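run-v9.csv, holding CSV, C-alpha atoms:
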chain,number,residue,atom,x,y,z
A,114,MET,CA,12.5,-6.6,23.5
A,115,THR,CA,9.8,-4.9,21.5
A,116,ASN,CA,8.4,-6.1,18.1
A,117,GLY,CA,8.3,-2.5,16.8
A,118,ALA,CA,7.2,1.0,17.6
A,119,LEU,CA,3.5,0.0,18.0
A,120,ASP,CA,4.2,-2.9,20.4
A,121,GLY,CA,1.4,-2.8,22.9
A,122,ILE,CA,-1.2,-1.4,20.5
A,123,ARG,CA,-4.1,-3.8,19.7
A,124,VAL,CA,-5.9,-3.5,16.4
A,125,ILE,CA,-9.2,-5.2,15.3
A,126,GLU,CA,-9.4,-5.6,11.5
A,127,ILE,CA,-12.8,-6.4,10.0
A,128,GLY,CA,-12.2,-5.5,6.4
A,129,THR,CA,-11.6,-7.8,3.4
A,130,LEU,CA,-9.4,-7.8,0.3
A,131,ILE,CA,-6.9,-5.0,0.0
A,132,SER,CA,-7.4,-1.5,1.3
A,133,GLY,CA,-8.4,-2.3,4.9
A,134,PRO,CA,-6.1,-5.3,5.3
A,135,PHE,CA,-3.2,-3.3,3.9
A,136,ALA,CA,-3.7,-0.7,6.6
A,137,GLY,CA,-3.9,-3.5,9.2
A,138,ARG,CA,-0.7,-5.0,7.8
A,139,LEU,CA,1.2,-1.8,8.0
A,140,LEU,CA,0.2,-1.4,11.7
A,141,GLY,CA,1.1,-5.0,12.3
A,142,ASP,CA,4.5,-4.6,10.6
A,143,MET,CA,5.3,-1.9,13.1
A,144,GLY,CA,4.5,-4.2,16.0
A,145,ALA,CA,0.8,-3.8,16.7
A,146,GLU,CA,-1.2,-6.9,17.6
A,147,VAL,CA,-3.7,-7.3,14.8
A,148,ILE,CA,-6.8,-9.5,15.3
A,149,LYS,CA,-8.5,-10.1,12.0
A,150,ILE,CA,-12.2,-11.0,12.1
A,151,GLU,CA,-13.7,-13.1,9.4
A,152,LEU,CA,-17.3,-14.1,8.9
A,153,PRO,CA,-17.9,-17.8,9.8
A,154,GLY,CA,-18.0,-19.8,6.6
A,155,ALA,CA,-17.1,-16.8,4.5
A,156,PRO,CA,-13.3,-16.1,4.8
A,157,ASP,CA,-11.6,-13.1,3.3
A,158,PRO,CA,-11.4,-13.7,-0.5
A,159,LEU,CA,-7.8,-12.5,-0.4
A,160,ARG,CA,-7.0,-16.1,0.8
A,161,THR,CA,-7.5,-17.2,-2.8
A,162,TRP,CA,-5.8,-14.3,-4.6
A,163,GLY,CA,-2.4,-14.2,-6.2
A,164,GLN,CA,-1.2,-15.5,-9.6
A,165,ALA,CA,1.1,-18.3,-8.3
A,166,GLU,CA,-0.4,-21.5,-6.9
A,167,LEU,CA,1.2,-24.3,-4.9
A,168,ASP,CA,-0.8,-27.2,-3.5
A,169,GLY,CA,-4.0,-25.2,-4.1
A,170,HIS,CA,-2.7,-22.2,-2.1
A,171,HIS,CA,-2.2,-18.6,-3.4
A,172,PHE,CA,0.1,-16.1,-1.9
A,173,PHE,CA,-1.4,-12.6,-1.9
A,174,TRP,CA,-2.5,-13.7,1.6
A,175,THR,CA,1.1,-13.9,2.9
A,176,VAL,CA,1.6,-10.2,2.1
A,177,HIS,CA,-1.5,-8.6,3.7
A,178,ALA,CA,-2.3,-11.1,6.4
A,179,ARG,CA,1.2,-11.3,7.9
A,180,ASN,CA,1.5,-10.5,11.6
A,181,LYS,CA,-2.2,-11.1,12.2
A,182,LYS,CA,-4.3,-13.4,14.3
A,183,ALA,CA,-7.4,-14.8,12.7
A,184,VAL,CA,-10.7,-15.2,14.5
A,185,THR,CA,-14.2,-15.8,13.3
A,186,LEU,CA,-17.2,-13.8,14.5
A,187,ASP,CA,-20.7,-13.1,13.0
A,188,LEU,CA,-21.3,-9.4,13.6
A,189,ARG,CA,-24.8,-9.7,12.3
A,190,THR,CA,-26.0,-11.5,15.4
A,191,ASP,CA,-26.7,-10.1,18.8
A,192,ARG,CA,-24.2,-12.4,20.6
A,193,GLY,CA,-21.6,-11.7,17.9
A,194,ARG,CA,-22.0,-8.0,18.4
A,195,GLU,CA,-21.6,-8.3,22.1
A,196,LEU,CA,-18.4,-10.3,21.8
A,197,PHE,CA,-17.1,-7.7,19.4
A,198,LEU,CA,-17.9,-4.9,21.8
A,199,GLU,CA,-16.0,-6.8,24.5
A,200,LEU,CA,-13.0,-6.9,22.2
A,201,VAL,CA,-13.4,-3.1,21.5
A,202,GLU,CA,-13.0,-2.5,25.2
A,203,ARG,CA,-9.6,-4.0,25.1
A,204,CYS,CA,-8.4,-2.6,21.8
A,205,ASP,CA,-7.0,0.7,20.4
A,206,ILE,CA,-7.9,0.8,16.7
A,207,ILE,CA,-10.5,-0.8,14.5
A,208,VAL,CA,-9.9,-1.0,10.8
A,209,GLU,CA,-12.9,-1.5,8.5
A,210,ASN,CA,-13.5,-1.1,4.7
A,211,PHE,CA,-17.2,-1.9,4.3
A,212,ARG,CA,-19.5,0.2,2.3
A,213,PRO,CA,-20.5,3.3,4.5
A,214,GLY,CA,-23.5,2.5,6.7
A,215,THR,CA,-22.7,-1.2,7.2
A,216,LEU,CA,-21.5,-0.8,10.8
A,217,GLU,CA,-24.4,1.4,11.6
A,218,LYS,CA,-26.8,-1.2,10.1
A,219,TRP,CA,-25.3,-3.7,12.6
A,220,ASN,CA,-25.7,-1.1,15.5
A,221,LEU,CA,-21.9,-0.8,15.6
A,222,GLY,CA,-21.4,2.8,14.6
A,223,TYR,CA,-18.8,5.0,16.2
A,224,ASP,CA,-21.2,6.2,19.0
A,225,ALA,CA,-21.8,2.6,20.0
A,226,LEU,CA,-18.0,1.8,19.9
A,227,LYS,CA,-17.1,4.9,21.9
A,228,ALA,CA,-19.7,4.1,24.5
A,229,ARG,CA,-17.6,1.0,25.3
A,230,ASN,CA,-14.2,2.6,24.9
A,231,LYS,CA,-13.8,6.4,24.7
A,232,GLY,CA,-10.3,6.0,23.3
A,233,ILE,CA,-11.2,3.8,20.4
A,234,ILE,CA,-10.0,4.9,17.0
A,235,LEU,CA,-12.2,3.8,14.1
A,236,VAL,CA,-10.4,3.7,10.8
A,237,ARG,CA,-12.8,3.6,7.9
A,238,VAL,CA,-11.7,3.0,4.3
A,239,SER,CA,-14.2,3.3,1.5
A,240,GLY,CA,-14.4,4.2,-2.1
A,241,TYR,CA,-15.6,7.8,-1.8
A,242,GLY,CA,-15.6,8.6,1.9
A,243,GLN,CA,-18.2,8.5,4.6
A,244,THR,CA,-20.1,11.6,3.5
A,245,GLY,CA,-21.0,13.3,0.2
A,246,PRO,CA,-23.3,12.3,-2.7
A,247,ASP,CA,-21.3,9.3,-3.7
A,248,ALA,CA,-20.6,7.9,-0.2
A,249,HIS,CA,-23.2,5.1,-0.6
A,250,LYS,CA,-21.4,3.7,-3.7
A,251,ALA,CA,-19.2,0.6,-3.5
A,252,GLY,CA,-15.6,1.5,-4.4
A,253,TYR,CA,-13.0,-0.4,-6.3
A,254,ALA,CA,-9.4,0.7,-7.0
A,255,SER,CA,-10.0,0.8,-10.8
A,256,ALA,CA,-13.0,3.1,-10.5
A,257,ALA,CA,-11.3,5.3,-7.9
A,258,GLU,CA,-8.2,5.7,-10.0
A,259,ALA,CA,-10.4,6.7,-12.9
A,260,ALA,CA,-12.7,9.1,-11.0
A,261,SER,CA,-9.8,10.9,-9.3
A,262,GLY,CA,-8.1,11.7,-12.6
A,263,LEU,CA,-5.2,9.4,-11.9
A,264,ARG,CA,-6.0,7.0,-14.7
A,265,HIS,CA,-6.2,9.9,-17.2
A,266,LEU,CA,-2.5,10.6,-16.6
A,267,ASN,CA,-1.4,7.1,-17.5
A,268,GLY,CA,-0.4,5.8,-21.0
A,269,PHE,CA,0.6,7.5,-24.2
A,270,PRO,CA,-1.0,10.6,-25.8
A,271,GLY,CA,-4.0,9.7,-27.9
A,272,GLY,CA,-4.2,6.1,-26.6
A,273,PRO,CA,-6.5,4.5,-24.0
A,274,PRO,CA,-5.6,5.1,-20.4
A,275,PRO,CA,-4.3,1.8,-19.1
A,276,ARG,CA,-4.1,0.7,-15.5
A,277,LEU,CA,-1.0,-0.3,-13.6
A,278,ALA,CA,-1.1,-4.1,-13.1
A,279,LEU,CA,-1.8,-3.6,-9.4
A,280,SER,CA,-4.7,-2.3,-7.3
A,281,LEU,CA,-2.9,1.0,-6.7
A,282,GLY,CA,-5.9,2.9,-5.4
A,283,ASP,CA,-6.5,0.3,-2.7
A,284,SER,CA,-2.9,0.4,-1.5
A,285,LEU,CA,-2.8,4.2,-1.4
A,286,ALA,CA,-5.9,4.3,0.7
A,287,GLY,CA,-4.5,1.7,3.0
A,288,MET,CA,-1.4,3.8,3.4
A,289,PHE,CA,-3.3,7.0,4.2
A,290,ALA,CA,-5.6,5.1,6.6
A,291,ALA,CA,-2.5,3.8,8.5
A,292,GLN,CA,-1.1,7.3,8.6
A,293,GLY,CA,-4.4,8.6,9.9
A,294,ALA,CA,-4.4,5.9,12.6
A,295,LEU,CA,-1.0,7.0,13.8
A,296,ALA,CA,-2.0,10.6,13.9
A,297,ALA,CA,-5.1,9.7,15.9
A,298,LEU,CA,-3.0,7.7,18.3
A,299,TYR,CA,-0.9,10.7,19.0
A,300,ARG,CA,-3.9,13.0,19.5
A,301,ARG,CA,-5.4,10.4,21.9
A,302,SER,CA,-2.2,10.6,24.0
A,303,VAL,CA,-3.0,14.3,24.4
A,304,THR,CA,-6.8,14.3,24.9
A,305,GLY,CA,-7.5,10.7,26.0
A,306,GLU,CA,-10.2,10.6,23.3
A,307,GLY,CA,-10.4,8.5,20.1
A,308,GLN,CA,-11.9,9.6,16.8
A,309,VAL,CA,-12.8,8.5,13.3
A,310,VAL,CA,-10.3,8.3,10.5
A,311,ASP,CA,-12.0,8.6,7.2
A,312,ALA,CA,-9.9,7.5,4.2
A,313,ALA,CA,-11.3,7.3,0.7
A,314,LEU,CA,-9.8,5.5,-2.4
A,315,THR,CA,-10.6,8.4,-4.7
A,316,GLU,CA,-9.1,11.0,-2.4
A,317,SER,CA,-6.0,9.0,-1.8
A,318,CYS,CA,-5.5,8.8,-5.6
A,319,LEU,CA,-6.1,12.5,-5.9
A,320,ALA,CA,-3.7,13.4,-3.1
A,321,ILE,CA,-0.6,12.2,-5.0
A,322,GLN,CA,-1.3,14.2,-8.2
A,323,GLU,CA,1.3,16.9,-7.5
A,324,SER,CA,0.4,20.2,-9.2
A,325,THR,CA,-2.4,19.0,-11.5
A,326,ILE,CA,-5.1,21.0,-9.7
A,327,PRO,CA,-3.4,24.4,-9.3
A,328,ASP,CA,-2.0,24.1,-12.9
A,329,TYR,CA,-5.6,23.8,-14.1
A,330,ASP,CA,-7.0,26.4,-11.7
A,331,VAL,CA,-4.4,29.0,-12.6
A,332,GLY,CA,-3.5,28.2,-16.2
A,333,GLY,CA,-6.3,26.0,-17.5
A,334,VAL,CA,-3.8,23.2,-18.1
A,335,VAL,CA,-5.3,19.7,-18.3
A,336,ARG,CA,-2.4,17.5,-17.8
A,337,GLY,CA,-2.5,14.3,-19.9
A,338,PRO,CA,-0.6,11.2,-20.4
A,339,SER,CA,3.0,11.6,-21.5
A,340,GLY,CA,4.2,8.0,-22.2
A,341,THR,CA,7.6,7.2,-20.8
A,342,ARG,CA,8.4,10.8,-19.8
A,343,LEU,CA,7.0,13.8,-18.1
A,344,GLU,CA,6.2,16.7,-20.4
A,345,GLY,CA,8.5,19.7,-19.7
A,346,ILE,CA,10.8,17.7,-17.4
A,347,ALA,CA,13.9,16.8,-19.3
A,348,PRO,CA,15.9,14.7,-19.6
A,349,SER,CA,13.9,12.1,-17.7
A,350,ASN,CA,13.0,9.1,-19.9
A,351,ILE,CA,13.9,5.6,-20.8
A,352,TYR,CA,16.5,4.9,-23.5
A,353,ARG,CA,17.2,1.7,-25.5
A,354,SER,CA,20.7,0.3,-25.0
A,355,ALA,CA,22.8,-1.7,-27.4
A,356,ASP,CA,21.2,-5.1,-26.4
A,357,GLY,CA,17.7,-3.7,-26.8
A,358,SER,CA,16.9,-3.4,-23.1
A,359,TRP,CA,15.7,-0.1,-21.6
A,360,VAL,CA,17.6,2.1,-19.1
A,361,VAL,CA,16.1,5.0,-17.1
A,362,ILE,CA,18.2,8.2,-17.3
A,363,ALA,CA,17.0,11.2,-15.2
A,364,ALA,CA,19.1,14.4,-15.2
A,365,ASN,CA,16.5,17.2,-15.3
A,366,GLN,CA,18.2,19.2,-12.5
A,367,ASP,CA,20.7,21.7,-13.9
A,368,THR,CA,23.7,20.4,-11.9
A,369,VAL,CA,22.9,16.8,-12.8
A,370,PHE,CA,22.4,17.7,-16.5
A,371,ARG,CA,25.9,19.2,-16.5
A,372,ARG,CA,27.3,15.9,-15.2
A,373,LEU,CA,25.4,13.9,-17.8
A,374,CYS,CA,26.9,16.1,-20.6
A,375,GLN,CA,30.4,15.5,-19.3
A,376,ALA,CA,29.7,11.7,-19.0
A,377,MET,CA,28.5,11.5,-22.6
A,378,GLY,CA,31.5,13.5,-23.8
A,379,ARG,CA,29.3,16.4,-24.8
A,380,PRO,CA,30.1,19.1,-22.3
A,381,GLU,CA,29.0,21.8,-24.8
A,382,LEU,CA,25.4,20.8,-24.4
A,383,ALA,CA,25.3,22.2,-20.9
A,384,THR,CA,25.8,25.7,-22.2
A,385,ASP,CA,23.7,25.3,-25.4
A,386,ASP,CA,20.8,27.8,-25.3
A,387,ARG,CA,18.5,24.9,-26.2
A,388,PHE,CA,19.4,22.9,-23.1
A,389,ALA,CA,21.1,25.3,-20.6
A,390,THR,CA,18.1,25.7,-18.3
A,391,HIS,CA,15.2,23.6,-17.0
A,392,VAL,CA,12.7,25.5,-19.1
A,393,ALA,CA,14.8,25.4,-22.3
A,394,ARG,CA,15.2,21.6,-21.9
A,395,GLY,CA,11.5,21.2,-21.5
A,396,ARG,CA,10.8,23.1,-24.7
A,397,ASN,CA,13.4,21.1,-26.7
A,398,GLN,CA,12.7,17.7,-25.1
A,399,ASP,CA,12.3,15.7,-28.3
A,400,GLU,CA,15.7,16.9,-29.6
A,401,LEU,CA,17.4,16.2,-26.3
A,402,ASP,CA,15.9,12.8,-26.0
A,403,LYS,CA,17.3,11.9,-29.5
A,404,ILE,CA,20.8,13.0,-28.5
A,405,ILE,CA,20.8,10.9,-25.4
A,406,GLY,CA,19.1,8.0,-27.1
A,407,ASP,CA,21.8,8.0,-29.8
A,408,TRP,CA,24.5,7.9,-27.2
A,409,ALA,CA,22.8,5.1,-25.2
A,410,ALA,CA,22.1,3.0,-28.3
A,411,ASP,CA,25.8,2.3,-28.8
A,412,ARG,CA,26.4,1.0,-25.2
A,413,ALA,CA,25.6,-2.0,-23.1
A,414,PRO,CA,23.1,-1.3,-20.3
A,415,THR,CA,25.7,-2.0,-17.6
A,416,GLU,CA,28.1,0.4,-19.2
A,417,ILE,CA,25.5,3.2,-19.3
A,418,ILE,CA,24.5,2.7,-15.7
A,419,GLU,CA,28.0,2.4,-14.3
A,420,THR,CA,29.3,5.4,-16.3
A,421,LEU,CA,26.4,7.7,-15.3
A,422,SER,CA,26.2,6.5,-11.7
A,423,ALA,CA,29.9,7.2,-11.3
A,424,ALA,CA,29.3,10.7,-12.7
A,425,GLY,CA,26.5,11.3,-10.2
A,426,VAL,CA,23.7,11.0,-12.7
A,427,ILE,CA,20.6,9.0,-11.9
A,428,ALA,CA,20.4,5.9,-14.1
A,429,GLY,CA,19.1,2.4,-13.6
A,430,PRO,CA,17.5,-0.7,-15.2
A,431,ILE,CA,13.9,-1.5,-15.6
A,432,ASN,CA,13.8,-4.7,-13.6
A,433,THR,CA,11.3,-7.6,-13.7
A,434,VAL,CA,10.4,-9.2,-10.4
A,435,ALA,CA,12.9,-12.0,-11.2
A,436,GLU,CA,15.6,-9.3,-11.2
A,437,VAL,CA,14.2,-7.5,-8.2
A,438,VAL,CA,14.5,-10.5,-5.9
A,439,GLU,CA,18.2,-10.7,-6.7
A,440,ASP,CA,18.9,-7.0,-6.2
A,441,PRO,CA,21.8,-6.7,-3.8
A,442,GLN,CA,20.6,-3.3,-2.5
A,443,LEU,CA,17.1,-4.5,-1.6
A,444,ARG,CA,18.5,-7.7,0.0
A,445,ALA,CA,21.0,-5.7,2.0
A,446,ARG,CA,18.2,-3.5,3.3
A,447,GLY,CA,15.9,-6.5,4.3
A,448,MET,CA,13.4,-5.6,1.6
A,449,LEU,CA,13.1,-9.1,0.4
A,450,ALA,CA,11.9,-10.9,3.5
A,451,GLU,CA,11.1,-14.5,4.2
A,452,HIS,CA,7.6,-15.4,5.7
A,453,TRP,CA,7.1,-18.8,7.2
A,454,ASP,CA,3.9,-20.0,5.6
A,455,GLU,CA,2.5,-23.0,7.4
A,456,ARG,CA,0.1,-23.8,4.6
A,457,VAL,CA,2.9,-25.0,2.4
A,458,SER,CA,5.5,-25.6,5.2
A,459,ARG,CA,8.2,-23.4,3.7
A,460,ASN,CA,9.4,-19.8,3.7
A,461,VAL,CA,7.9,-17.6,1.0
A,462,LEU,CA,9.5,-14.3,0.0
A,463,GLY,CA,7.6,-11.1,0.4
A,464,PRO,CA,8.2,-7.4,0.7
A,465,GLY,CA,10.1,-6.1,3.7
A,466,ILE,CA,9.0,-3.5,6.2
A,467,VAL,CA,8.9,0.2,5.1
A,468,PRO,CA,10.0,2.5,6.5
A,469,VAL,CA,13.0,1.3,8.5
A,470,LEU,CA,13.1,2.5,12.1
A,471,THR,CA,16.5,2.5,13.7
A,472,GLU,CA,15.5,2.1,17.4
A,473,SER,CA,12.2,0.2,17.2
A,474,PRO,CA,12.1,-1.7,13.8
A,475,GLY,CA,9.2,-3.7,12.9
A,476,SER,CA,9.3,-7.5,12.2
A,477,ILE,CA,7.5,-10.2,10.2
A,478,ARG,CA,6.4,-12.7,12.8
A,479,ASN,CA,4.2,-14.9,10.6
A,480,ALA,CA,2.9,-15.1,7.0
A,481,GLY,CA,-0.8,-14.9,8.0
A,482,PRO,CA,-3.1,-17.4,9.7
A,483,ALA,CA,-3.4,-20.6,7.6
A,484,ARG,CA,-7.1,-20.9,8.4
A,485,PRO,CA,-10.0,-18.8,9.5
A,486,GLY,CA,-10.6,-18.9,13.3
A,487,GLN,CA,-7.1,-20.1,13.9
A,488,HIS,CA,-6.7,-18.0,17.1
A,489,ASN,CA,-10.3,-18.2,18.4
A,490,ASP,CA,-9.3,-19.9,21.6
A,491,GLU,CA,-6.3,-17.7,22.2
A,492,VAL,CA,-8.2,-14.5,21.7
A,493,TYR,CA,-11.6,-15.3,23.2
A,494,ILE,CA,-10.4,-17.4,26.1
A,495,GLY,CA,-7.1,-15.5,26.8
A,496,LEU,CA,-8.3,-12.0,26.1
A,497,LEU,CA,-12.0,-12.1,27.0
A,498,GLY,CA,-11.9,-14.8,29.6
A,499,LYS,CA,-14.4,-17.0,28.0
A,500,THR,CA,-14.5,-20.7,28.7
A,501,ALA,CA,-14.1,-23.5,26.2
A,502,GLU,CA,-17.6,-24.6,26.9
A,503,GLU,CA,-18.9,-21.1,26.0
A,504,LEU,CA,-16.9,-21.1,22.8
A,505,GLU,CA,-18.2,-24.5,21.8
A,506,ARG,CA,-21.8,-23.3,22.3
A,507,LEU,CA,-21.1,-20.2,20.2
A,508,ARG,CA,-19.7,-22.4,17.5
A,509,THR,CA,-22.8,-24.6,17.6
A,510,GLU,CA,-24.9,-21.4,17.3
A,511,GLY,CA,-22.9,-20.2,14.3
A,512,VAL,CA,-21.6,-17.1,16.0
A,513,LEU,CA,-18.0,-18.3,15.7
Could you rewrite the structure in this file as structure tokens?
Amino acid sequence: MTNGALDGIRVIEIGTLISGPFAGRLLGDMGAEVIKIELPGAPDPLRTWGQAELDGHHFFWTVHARNKKAVTLDLRTDRGRELFLELVERCDIIVENFRPGTLEKWNLGYDALKARNKGIILVRVSGYGQTGPDAHKAGYASAAEAASGLRHLNGFPGGPPPRLALSLGDSLAGMFAAQGALAALYRRSVTGEGQVVDAALTESCLAIQESTIPDYDVGGVVRGPSGTRLEGIAPSNIYRSADGSWVVIAANQDTVFRRLCQAMGRPELATDDRFATHVARGRNQDELDKIIGDWAADRAPTEIIETLSAAGVIAGPINTVAEVVEDPQLRARGMLAEHWDERVSRNVLGPGIVPVLTESPGSIRNAGPARPGQHNDEVYIGLLGKTAEELERLRTEGVL
């Protein structure tokens, strides 16, 4: 029985924090064997991230370190580099998210890696990419979201551009990096050759911005923040219900808008010249939002959602995480998954595996190694054939 579509693929991860480890996690979720390398005495800071704490432990680690084996290795030493290259000979993908030039400084650039394994795929995640005038800069999600124009689109008109309470740019880059790794794996099956996958945080944030660039190029439109709605897309907003909570109602497509009008008992709105077409609704967005808002204000949120859902209109609550973990749809789909975390000797809930594959689904096999170097013996002795005496000598020398 396989552990997923990538069962049999071996990945080395030498990144830290979010973007590189997220790419490694996505590959591990789909069945790849992921060997995470940490510097001796300097573990991945992600081990101490997360807002909840139990017995001194934090739990961001259980999300991005799951399905991985942890080893220690100092790539700044000659012996460490040689051990790394021996691993490269037996692996398919390397994921790193250092500042560009770091691997080259250690004499571990792609040419050196390919000399040991012509099929190796090097996935490089950085703030601005491996080339260009900003390539040398360190990159964080906050700066990437801002530089790409993504942050400018967030918030309310006239207000400061806030961030989402997540490192979105890191996660987007990790997703594109994993996508690139899969594309490179397929190409290798054709040519037998590996290649470099170059994923940047800024470019990943730019890639999701829909029509902002052609709208500016053709019409000079500088799209800005629009609060709780999209300008010109109506109705698609949040509306306050009778108990004061907010409900999302989205019915901007003509056919769905007609269903909304029927459900509200206002069928005449569907043929009203102000609202009959997509363009007309966009021009009269404020007026339409008030009509829907007045209707919603007299009803409980459950009544709004049930009434509109039954009519084929998109509607739903704005859930907190406390409500998300009880969501029956997410639970039925396995999207709230238990991870056995040996650090606290209990299961810890985390996100499930996306997307769902019908014939070779991925799996969560562990919640991340409890300590750095936890699998040194398994990997170095089992995979590379080293002896226990050799490993002890390397530990004494500070290589492991």
Residue with smallest distance to Ala389 of chain A - pool A:Val236, A:Ile405, A:Leu263, A:Cys374, counting all atoms listed in the file: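 Smallest separation from Ala389 of chain A among the options: A:Cys374.
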Between atom CA of Gly447 of chain A and atom CA of Leu470 of chain A, what distance in Å does the model show, to one decimal?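 Pair atom CA of Gly447 of chain A / atom CA of Leu470 of chain A returns 12.2 Å.
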List the spatial neighbours of Pro482 of chain A as a PyMOL selection string - criterion: any atom at most 7 Å away, all atoms listed in the file, same-chain residues fewer than 5 positions off excluded. chain A and resi 181-183+487
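Between atom CA of Pro275 of chain A and atom CA of Pro414 of chain A the interatomic distance comes to 27.6 Å.
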Here is a test: counting all atoms listed in the file, which residue of A:Pro327, A:Gly293, A:Gly406, A:Gly232 is nearest to Arg203 of chain A?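 With all atoms listed in the file as the atom set, the closest residue is A:Gly232.
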Can you sort out segment 159-174 of chain A so it carries N, CA, C and O atoms, written as a short mmCIF file (atom, residue, chain, number, x, y, z; two decimals), in the coordinates of the input?
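This is the output file result-v5.cif:
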data_model
loop_
_atom_site.label_atom_id
_atom_site.label_comp_id
_atom_site.auth_asym_id
_atom_site.auth_seq_id
_atom_site.Cartn_x
_atom_site.Cartn_y
_atom_site.Cartn_z
N LEU A 159 -9.21 -12.70 -0.09
CA LEU A 159 -7.80 -12.50 -0.40
C LEU A 159 -7.02 -13.85 -0.15
O LEU A 159 -5.94 -14.03 -0.70
N ARG A 160 -7.60 -14.76 0.61
CA ARG A 160 -7.00 -16.10 0.80
C ARG A 160 -6.78 -16.82 -0.51
O ARG A 160 -5.93 -17.70 -0.60
N THR A 161 -7.58 -16.50 -1.50
CA THR A 161 -7.50 -17.20 -2.80
C THR A 161 -6.95 -16.35 -3.89
O THR A 161 -7.04 -16.73 -5.06
N TRP A 162 -6.36 -15.20 -3.57
CA TRP A 162 -5.80 -14.30 -4.60
C TRP A 162 -4.33 -14.55 -4.78
O TRP A 162 -3.65 -15.07 -3.90
N GLY A 163 -3.82 -14.08 -5.89
CA GLY A 163 -2.40 -14.20 -6.20
C GLY A 163 -2.28 -15.12 -7.48
O GLY A 163 -3.07 -16.05 -7.68
N GLN A 164 -1.31 -14.84 -8.32
CA GLN A 164 -1.20 -15.50 -9.60
C GLN A 164 -0.49 -16.88 -9.50
O GLN A 164 -0.72 -17.76 -10.31
N ALA A 165 0.38 -17.02 -8.52
CA ALA A 165 1.10 -18.30 -8.30
C ALA A 165 0.20 -19.23 -7.48
O ALA A 165 -0.58 -18.78 -6.63
N GLU A 166 0.33 -20.52 -7.70
CA GLU A 166 -0.40 -21.50 -6.90
C GLU A 166 0.49 -22.68 -6.57
O GLU A 166 1.28 -23.14 -7.40
N LEU A 167 0.41 -23.11 -5.32
CA LEU A 167 1.20 -24.30 -4.90
C LEU A 167 0.29 -25.07 -3.92
O LEU A 167 -0.19 -24.53 -2.91
N ASP A 168 0.05 -26.30 -4.27
CA ASP A 168 -0.80 -27.20 -3.50
C ASP A 168 -2.17 -26.57 -3.20
O ASP A 168 -2.74 -26.72 -2.10
N GLY A 169 -2.67 -25.84 -4.19
CA GLY A 169 -4.00 -25.20 -4.10
C GLY A 169 -3.98 -23.90 -3.32
O GLY A 169 -5.05 -23.29 -3.15
N HIS A 170 -2.84 -23.42 -2.87
CA HIS A 170 -2.70 -22.20 -2.10
C HIS A 170 -2.23 -21.04 -3.01
O HIS A 170 -1.41 -21.26 -3.90
N HIS A 171 -2.71 -19.82 -2.72
CA HIS A 171 -2.20 -18.60 -3.40
C HIS A 171 -1.58 -17.71 -2.35
O HIS A 171 -1.77 -17.90 -1.15
N PHE A 172 -0.85 -16.67 -2.84
CA PHE A 172 0.10 -16.10 -1.90
C PHE A 172 -0.02 -14.54 -1.74
O PHE A 172 0.83 -13.93 -1.13
N PHE A 173 -1.09 -13.96 -2.25
CA PHE A 173 -1.40 -12.60 -1.90
C PHE A 173 -1.61 -12.52 -0.34
O PHE A 173 -1.27 -11.56 0.34
N TRP A 174 -2.21 -13.59 0.17
CA TRP A 174 -2.50 -13.70 1.60
C TRP A 174 -1.26 -13.47 2.46
O TRP A 174 -1.31 -12.82 3.51
#
